[in-house]
$ cat protein18.pdb   # PDB, C-alpha atoms, pLDDT in the B column
ATOM      1  CA  MET A 214      32.076  13.501 -30.941  1.00 52.00           C
ATOM      2  CA  SER A 215      29.458  13.872 -33.655  1.00 56.00           C
ATOM      3  CA  GLU A 216      25.820  14.784 -33.191  1.00 58.00           C
ATOM      4  CA  VAL A 217      24.733  11.228 -33.891  1.00 56.00           C
ATOM      5  CA  GLU A 218      27.214   9.839 -31.367  1.00 61.00           C
ATOM      6  CA  LEU A 219      26.002  12.324 -28.739  1.00 56.00           C
ATOM      7  CA  SER A 220      22.397  11.399 -29.400  1.00 59.00           C
ATOM      8  CA  GLU A 221      23.252   7.716 -29.146  1.00 62.00           C
ATOM      9  CA  ALA A 222      25.206   8.299 -25.919  1.00 60.00           C
ATOM     10  CA  ALA A 223      22.290  10.208 -24.420  1.00 58.00           C
ATOM     11  CA  ALA A 224      19.865   7.470 -25.461  1.00 60.00           C
ATOM     12  CA  ASN A 225      22.198   4.847 -23.956  1.00 60.00           C
ATOM     13  CA  LEU A 226      22.370   6.771 -20.672  1.00 56.00           C
ATOM     14  CA  LEU A 227      18.591   7.007 -20.610  1.00 55.00           C
ATOM     15  CA  SER A 228      18.186   3.292 -21.310  1.00 58.00           C
ATOM     16  CA  GLU A 229      20.739   2.491 -18.576  1.00 53.00           C
ATOM     17  CA  ALA A 230      18.687   4.615 -16.166  1.00 51.00           C
ATOM     18  CA  GLU A 231      15.630   2.548 -17.140  1.00 50.00           C
ATOM     19  CA  ASP A 232      17.454  -0.678 -16.264  1.00 51.00           C
ATOM     20  CA  LEU A 233      18.343   0.388 -12.715  1.00 49.00           C
ATOM     21  CA  PRO A 234      17.049  -2.037 -10.045  1.00 48.00           C
ATOM     22  CA  GLY A 235      13.969  -0.766  -8.245  1.00 47.00           C
ATOM     23  CA  LYS A 236      13.103   1.603 -11.075  1.00 45.00           C
ATOM     24  CA  THR A 237       9.376   1.839 -11.495  1.00 44.00           C
ATOM     25  CA  GLY A 238       9.292   3.096 -15.088  1.00 43.00           C
ATOM     26  CA  SER A 239       8.679  -0.324 -16.579  1.00 43.00           C
ATOM     27  CA  GLN A 240       6.796  -1.589 -13.537  1.00 45.00           C
ATOM     28  CA  GLY A 241       3.702   0.544 -13.714  1.00 46.00           C
ATOM     29  CA  CYS A 242       4.626   4.232 -13.718  1.00 49.00           C
ATOM     30  CA  GLY A 243       5.263   4.621 -17.448  1.00 53.00           C
ATOM     31  CA  GLY A 244       4.221   8.266 -17.405  1.00 63.00           C
ATOM     32  CA  GLY A 245       7.464   9.257 -15.645  1.00 68.00           C
ATOM     33  CA  LEU A 246       9.593   7.517 -18.234  1.00 72.00           C
ATOM     34  CA  GLN A 247       7.756   9.146 -21.131  1.00 78.00           C
ATOM     35  CA  ARG A 248       8.106  12.513 -19.425  1.00 77.00           C
ATOM     36  CA  GLU A 249      11.858  11.939 -19.063  1.00 75.00           C
ATOM     37  CA  ARG A 250      12.148  10.996 -22.726  1.00 78.00           C
ATOM     38  CA  ARG A 251      10.255  14.139 -23.752  1.00 81.00           C
ATOM     39  CA  THR A 252      12.548  16.198 -21.501  1.00 79.00           C
ATOM     40  CA  MET A 253      15.554  14.505 -23.041  1.00 78.00           C
ATOM     41  CA  ASN A 254      14.274  15.156 -26.578  1.00 81.00           C
ATOM     42  CA  ILE A 255      13.646  18.815 -25.737  1.00 80.00           C
ATOM     43  CA  HIS A 256      17.139  19.047 -24.290  1.00 76.00           C
ATOM     44  CA  LEU A 257      18.637  17.447 -27.385  1.00 77.00           C
ATOM     45  CA  GLU A 258      16.718  19.837 -29.656  1.00 76.00           C
ATOM     46  CA  ARG A 259      17.978  22.824 -27.673  1.00 71.00           C
ATOM     47  CA  ARG A 260      21.500  21.467 -27.931  1.00 69.00           C
ATOM     48  CA  GLU A 261      21.129  21.215 -31.696  1.00 69.00           C
ATOM     49  CA  GLN A 262      19.929  24.815 -31.900  1.00 61.00           C
ATOM     50  CA  LEU A 263      22.868  26.022 -29.823  1.00 61.00           C
ATOM     51  CA  LYS A 264      25.322  24.153 -32.014  1.00 60.00           C
ATOM     52  CA  ARG A 265      23.919  25.754 -35.153  1.00 57.00           C
ATOM     53  CA  LEU A 266      24.485  29.197 -33.629  1.00 53.00           C
ATOM     54  CA  SER A 267      28.054  28.443 -32.583  1.00 53.00           C
ATOM     55  CA  LEU A 268      31.109  29.147 -34.734  1.00 48.00           C
ATOM     56  CA  ASP A 269      33.226  26.472 -33.059  1.00 51.00           C
ATOM     57  CA  SER A 270      30.860  23.474 -33.010  1.00 53.00           C
ATOM     58  CA  SER A 271      33.366  21.009 -31.546  1.00 57.00           C
ATOM     59  CA  LEU A 272      33.751  23.098 -28.366  1.00 56.00           C
ATOM     60  CA  VAL A 273      29.993  23.563 -28.073  1.00 53.00           C
ATOM     61  CA  GLU A 274      29.496  19.845 -28.707  1.00 59.00           C
ATOM     62  CA  TYR A 275      31.887  19.006 -25.875  1.00 61.00           C
ATOM     63  CA  MET A 276      30.241  21.498 -23.490  1.00 66.00           C
ATOM     64  CA  ASP A 277      26.747  20.334 -24.467  1.00 76.00           C
ATOM     65  CA  ALA A 278      27.742  16.718 -23.871  1.00 77.00           C
ATOM     66  CA  ASN A 279      28.894  17.623 -20.359  1.00 82.00           C
ATOM     67  CA  LYS A 280      25.687  19.539 -19.739  1.00 84.00           C
ATOM     68  CA  CYS A 281      23.703  16.609 -21.084  1.00 84.00           C
ATOM     69  CA  ILE A 282      25.509  14.227 -18.744  1.00 87.00           C
ATOM     70  CA  GLU A 283      24.956  16.580 -15.811  1.00 88.00           C
ATOM     71  CA  GLU A 284      21.271  16.849 -16.689  1.00 88.00           C
ATOM     72  CA  LEU A 285      20.973  13.062 -16.936  1.00 90.00           C
ATOM     73  CA  LEU A 286      22.697  12.650 -13.580  1.00 91.00           C
ATOM     74  CA  LYS A 287      20.268  15.135 -12.028  1.00 92.00           C
ATOM     75  CA  GLN A 288      17.330  13.267 -13.556  1.00 92.00           C
ATOM     76  CA  LEU A 289      18.738   9.969 -12.300  1.00 93.00           C
ATOM     77  CA  GLU A 290      19.084  11.329  -8.764  1.00 94.00           C
ATOM     78  CA  GLU A 291      15.552  12.745  -8.900  1.00 94.00           C
ATOM     79  CA  GLU A 292      14.253   9.385 -10.099  1.00 94.00           C
ATOM     80  CA  ARG A 293      16.056   7.652  -7.240  1.00 94.00           C
ATOM     81  CA  ARG A 294      14.390  10.034  -4.777  1.00 95.00           C
ATOM     82  CA  ASN A 295      11.018   9.327  -6.409  1.00 94.00           C
ATOM     83  CA  VAL A 296      11.593   5.570  -6.167  1.00 95.00           C
ATOM     84  CA  ARG A 297      12.559   5.926  -2.504  1.00 95.00           C
ATOM     85  CA  ARG A 298       9.387   7.946  -1.814  1.00 95.00           C
ATOM     86  CA  GLU A 299       7.265   5.426  -3.692  1.00 95.00           C
ATOM     87  CA  LYS A 300       8.792   2.529  -1.752  1.00 95.00           C
ATOM     88  CA  LEU A 301       8.021   4.286   1.524  1.00 95.00           C
ATOM     89  CA  ALA A 302       4.456   4.917   0.379  1.00 94.00           C
ATOM     90  CA  VAL A 303       4.056   1.271  -0.651  1.00 95.00           C
ATOM     91  CA  ALA A 304       5.400   0.098   2.709  1.00 94.00           C
ATOM     92  CA  ARG A 305       2.985   2.425   4.534  1.00 94.00           C
ATOM     93  CA  LEU A 306       0.062   1.162   2.468  1.00 93.00           C
ATOM     94  CA  GLN A 307       1.091  -2.443   3.072  1.00 93.00           C
ATOM     95  CA  ARG A 308       1.129  -1.771   6.830  1.00 92.00           C
ATOM     96  CA  GLU A 309      -2.335  -0.239   6.590  1.00 90.00           C
ATOM     97  CA  VAL A 310      -3.644  -3.231   4.628  1.00 89.00           C
ATOM     98  CA  ALA A 311      -2.110  -5.662   7.136  1.00 88.00           C
ATOM     99  CA  ARG A 312      -3.623  -3.705  10.027  1.00 86.00           C
ATOM    100  CA  SER A 313      -6.989  -3.616   8.292  1.00 85.00           C
ATOM    101  CA  LYS A 314      -6.884  -7.364   7.663  1.00 85.00           C
ATOM    102  CA  SER A 315      -5.820  -7.926  11.252  1.00 84.00           C
ATOM    103  CA  GLU A 316      -8.654  -5.748  12.519  1.00 83.00           C
ATOM    104  CA  GLY A 317     -11.072  -7.602  10.249  1.00 81.00           C
ATOM    105  CA  THR A 318      -9.872 -10.931  11.597  1.00 84.00           C
ATOM    106  CA  MET A 319     -10.068  -9.645  15.161  1.00 85.00           C
ATOM    107  CA  ARG A 320     -13.549  -8.353  14.483  1.00 84.00           C
ATOM    108  CA  GLN A 321     -14.632 -11.757  13.148  1.00 88.00           C
ATOM    109  CA  LYS A 322     -13.168 -13.434  16.234  1.00 88.00           C
ATOM    110  CA  LEU A 323     -14.960 -10.962  18.481  1.00 89.00           C
ATOM    111  CA  ILE A 324     -18.252 -11.568  16.676  1.00 91.00           C
ATOM    112  CA  HIS A 325     -17.743 -15.312  17.070  1.00 92.00           C
ATOM    113  CA  VAL A 326     -16.966 -14.920  20.788  1.00 92.00           C
ATOM    114  CA  LEU A 327     -20.021 -12.691  21.260  1.00 93.00           C
ATOM    115  CA  GLU A 328     -22.245 -15.209  19.479  1.00 95.00           C
ATOM    116  CA  GLU A 329     -20.862 -17.978  21.693  1.00 95.00           C
ATOM    117  CA  GLU A 330     -21.448 -15.862  24.819  1.00 95.00           C
ATOM    118  CA  ARG A 331     -25.010 -15.144  23.690  1.00 95.00           C
ATOM    119  CA  ARG A 332     -25.648 -18.846  23.073  1.00 96.00           C
ATOM    120  CA  LEU A 333     -24.252 -19.713  26.517  1.00 95.00           C
ATOM    121  CA  ARG A 334     -26.379 -16.979  28.150  1.00 95.00           C
ATOM    122  CA  LEU A 335     -29.513 -18.287  26.412  1.00 96.00           C
ATOM    123  CA  ASP A 336     -28.662 -21.836  27.528  1.00 95.00           C
ATOM    124  CA  SER A 337     -28.139 -20.604  31.092  1.00 95.00           C
ATOM    125  CA  GLU A 338     -31.428 -18.707  31.061  1.00 96.00           C
ATOM    126  CA  LYS A 339     -33.227 -21.789  29.728  1.00 96.00           C
ATOM    127  CA  ARG A 340     -31.675 -23.960  32.445  1.00 95.00           C
ATOM    128  CA  LEU A 341     -32.594 -21.349  35.067  1.00 96.00           C
ATOM    129  CA  ARG A 342     -36.236 -21.426  33.906  1.00 96.00           C
ATOM    130  CA  GLU A 343     -36.220 -25.227  34.062  1.00 95.00           C
ATOM    131  CA  VAL A 344     -34.741 -25.218  37.573  1.00 95.00           C
ATOM    132  CA  THR A 345     -37.203 -22.508  38.650  1.00 95.00           C
ATOM    133  CA  ASP A 346     -40.092 -24.564  37.277  1.00 94.00           C
ATOM    134  CA  GLU A 347     -38.808 -27.688  39.051  1.00 94.00           C
ATOM    135  CA  SER A 348     -38.389 -25.710  42.264  1.00 94.00           C
ATOM    136  CA  GLU A 349     -41.915 -24.312  41.999  1.00 95.00           C
ATOM    137  CA  LEU A 350     -43.287 -27.804  41.310  1.00 94.00           C
ATOM    138  CA  GLY A 351     -41.389 -29.179  44.318  1.00 94.00           C
ATOM    139  CA  ARG A 352     -42.705 -26.348  46.502  1.00 94.00           C
ATOM    140  CA  VAL A 353     -46.302 -27.029  45.371  1.00 94.00           C
ATOM    141  CA  GLN A 354     -45.852 -30.748  46.063  1.00 94.00           C
ATOM    142  CA  MET A 355     -44.412 -30.011  49.495  1.00 94.00           C
ATOM    143  CA  VAL A 356     -47.322 -27.701  50.360  1.00 93.00           C
ATOM    144  CA  SER A 357     -49.738 -30.365  49.138  1.00 93.00           C
ATOM    145  CA  LEU A 358     -48.030 -33.019  51.239  1.00 92.00           C
ATOM    146  CA  GLN A 359     -47.996 -30.737  54.306  1.00 92.00           C
ATOM    147  CA  GLN A 360     -51.710 -30.130  53.868  1.00 91.00           C
ATOM    148  CA  HIS A 361     -52.318 -33.864  53.448  1.00 90.00           C
ATOM    149  CA  PHE A 362     -50.389 -34.724  56.653  1.00 89.00           C
ATOM    150  CA  SER A 363     -52.006 -31.936  58.644  1.00 89.00           C
ATOM    151  CA  ARG A 364     -55.465 -33.480  58.041  1.00 77.00           C
TER     152      ARG A 364
END

$ encode --input "protein18.pdb" --output "structure tokens"
Amino acid sequence: MSEVELSEAAANLLSEAEDLPGKTGSQGCGGGLQRERRTMNIHLERREQLKRLSLDSSLVEYMDANKCIEELLKQLEEERRNVRREKLAVARLQREVARSKSEGTMRQKLIHVLEEERRLRLDSEKRLREVTDESELGRVQMVSLQQHFSR
């Protein structure tokens, strides 16, 4: 396998890793993808340096390709762990948002109930004053009538 073919194979593996379902590289976390590409480029440069130092480049090329594949598999597994962690974090945040919205709605309902209770209390107090006034008026009239009959 030539250097160009190895580079193309590595690039293909990286692009396949980008296309995995649930991968967040193209969905908002582009920094991780760029970091992986830089790591891959560094790895490829090191591989090139090692091949230049080797007398039997075909053996080194084969070994480097295996190492490259192993490295890519490790990166893929790490990315899967990162995606899993991110999904858990998103789910936790969604639960918090739902709870916050629910608490906000409950709070609004409670405020509405309290306002209704206050209005009912004020109405009751008003009616109590009216009844008290009527009672006092009736008592005064009764006293007046008792005084009138006692004469």

$ closest_residue --input "protein18.pdb" --among "A:Ala311, A:Leu333, A:Val303, A:Met253" --to "A:Leu285" --atoms "all atoms listed in the file"
A:Met253

$ atom_distance --input "protein18.pdb" --atom1 "atom CA of A:Asp277" --atom2 "atom CA of A:Arg293"
23.9 Å

$ closest_residue --input "protein18.pdb" --among "A:Arg259, A:Met319, A:Asp346, A:Glu249" --to "A:Lys287" --atoms "all atoms listed in the file"
A:Glu249

$ axis_aligned_box --input "protein18.pdb" --around "stretch 341-360 of chain A" --padding-each-side "6 Å" --output "JSON"
{"center_x": -42.2, "center_y": -27.2, "center_z": 44.1, "size_x": 31.1, "size_y": 23.7, "size_z": 32.4}

$ atom_distance --input "protein18.pdb" --atom1 "atom CA of A:Glu292" --atom2 "atom CA of A:Glu309"
25.4 Å

$ closest_residue --input "protein18.pdb" --among "A:Ser337, A:Leu257, A:Glu330, A:Asn295" --to "A:Ala278" --atoms "all atoms listed in the file"
A:Leu257

$ atom_distance --input "protein18.pdb" --atom1 "atom CA of A:Arg298" --atom2 "atom CA of A:Leu246"
16.4 Å

$ closest_residue --input "protein18.pdb" --among "A:His256, A:Arg334, A:Val296, A:Met355" --to "A:Glu284" --atoms "only C-alpha atoms"
A:His256
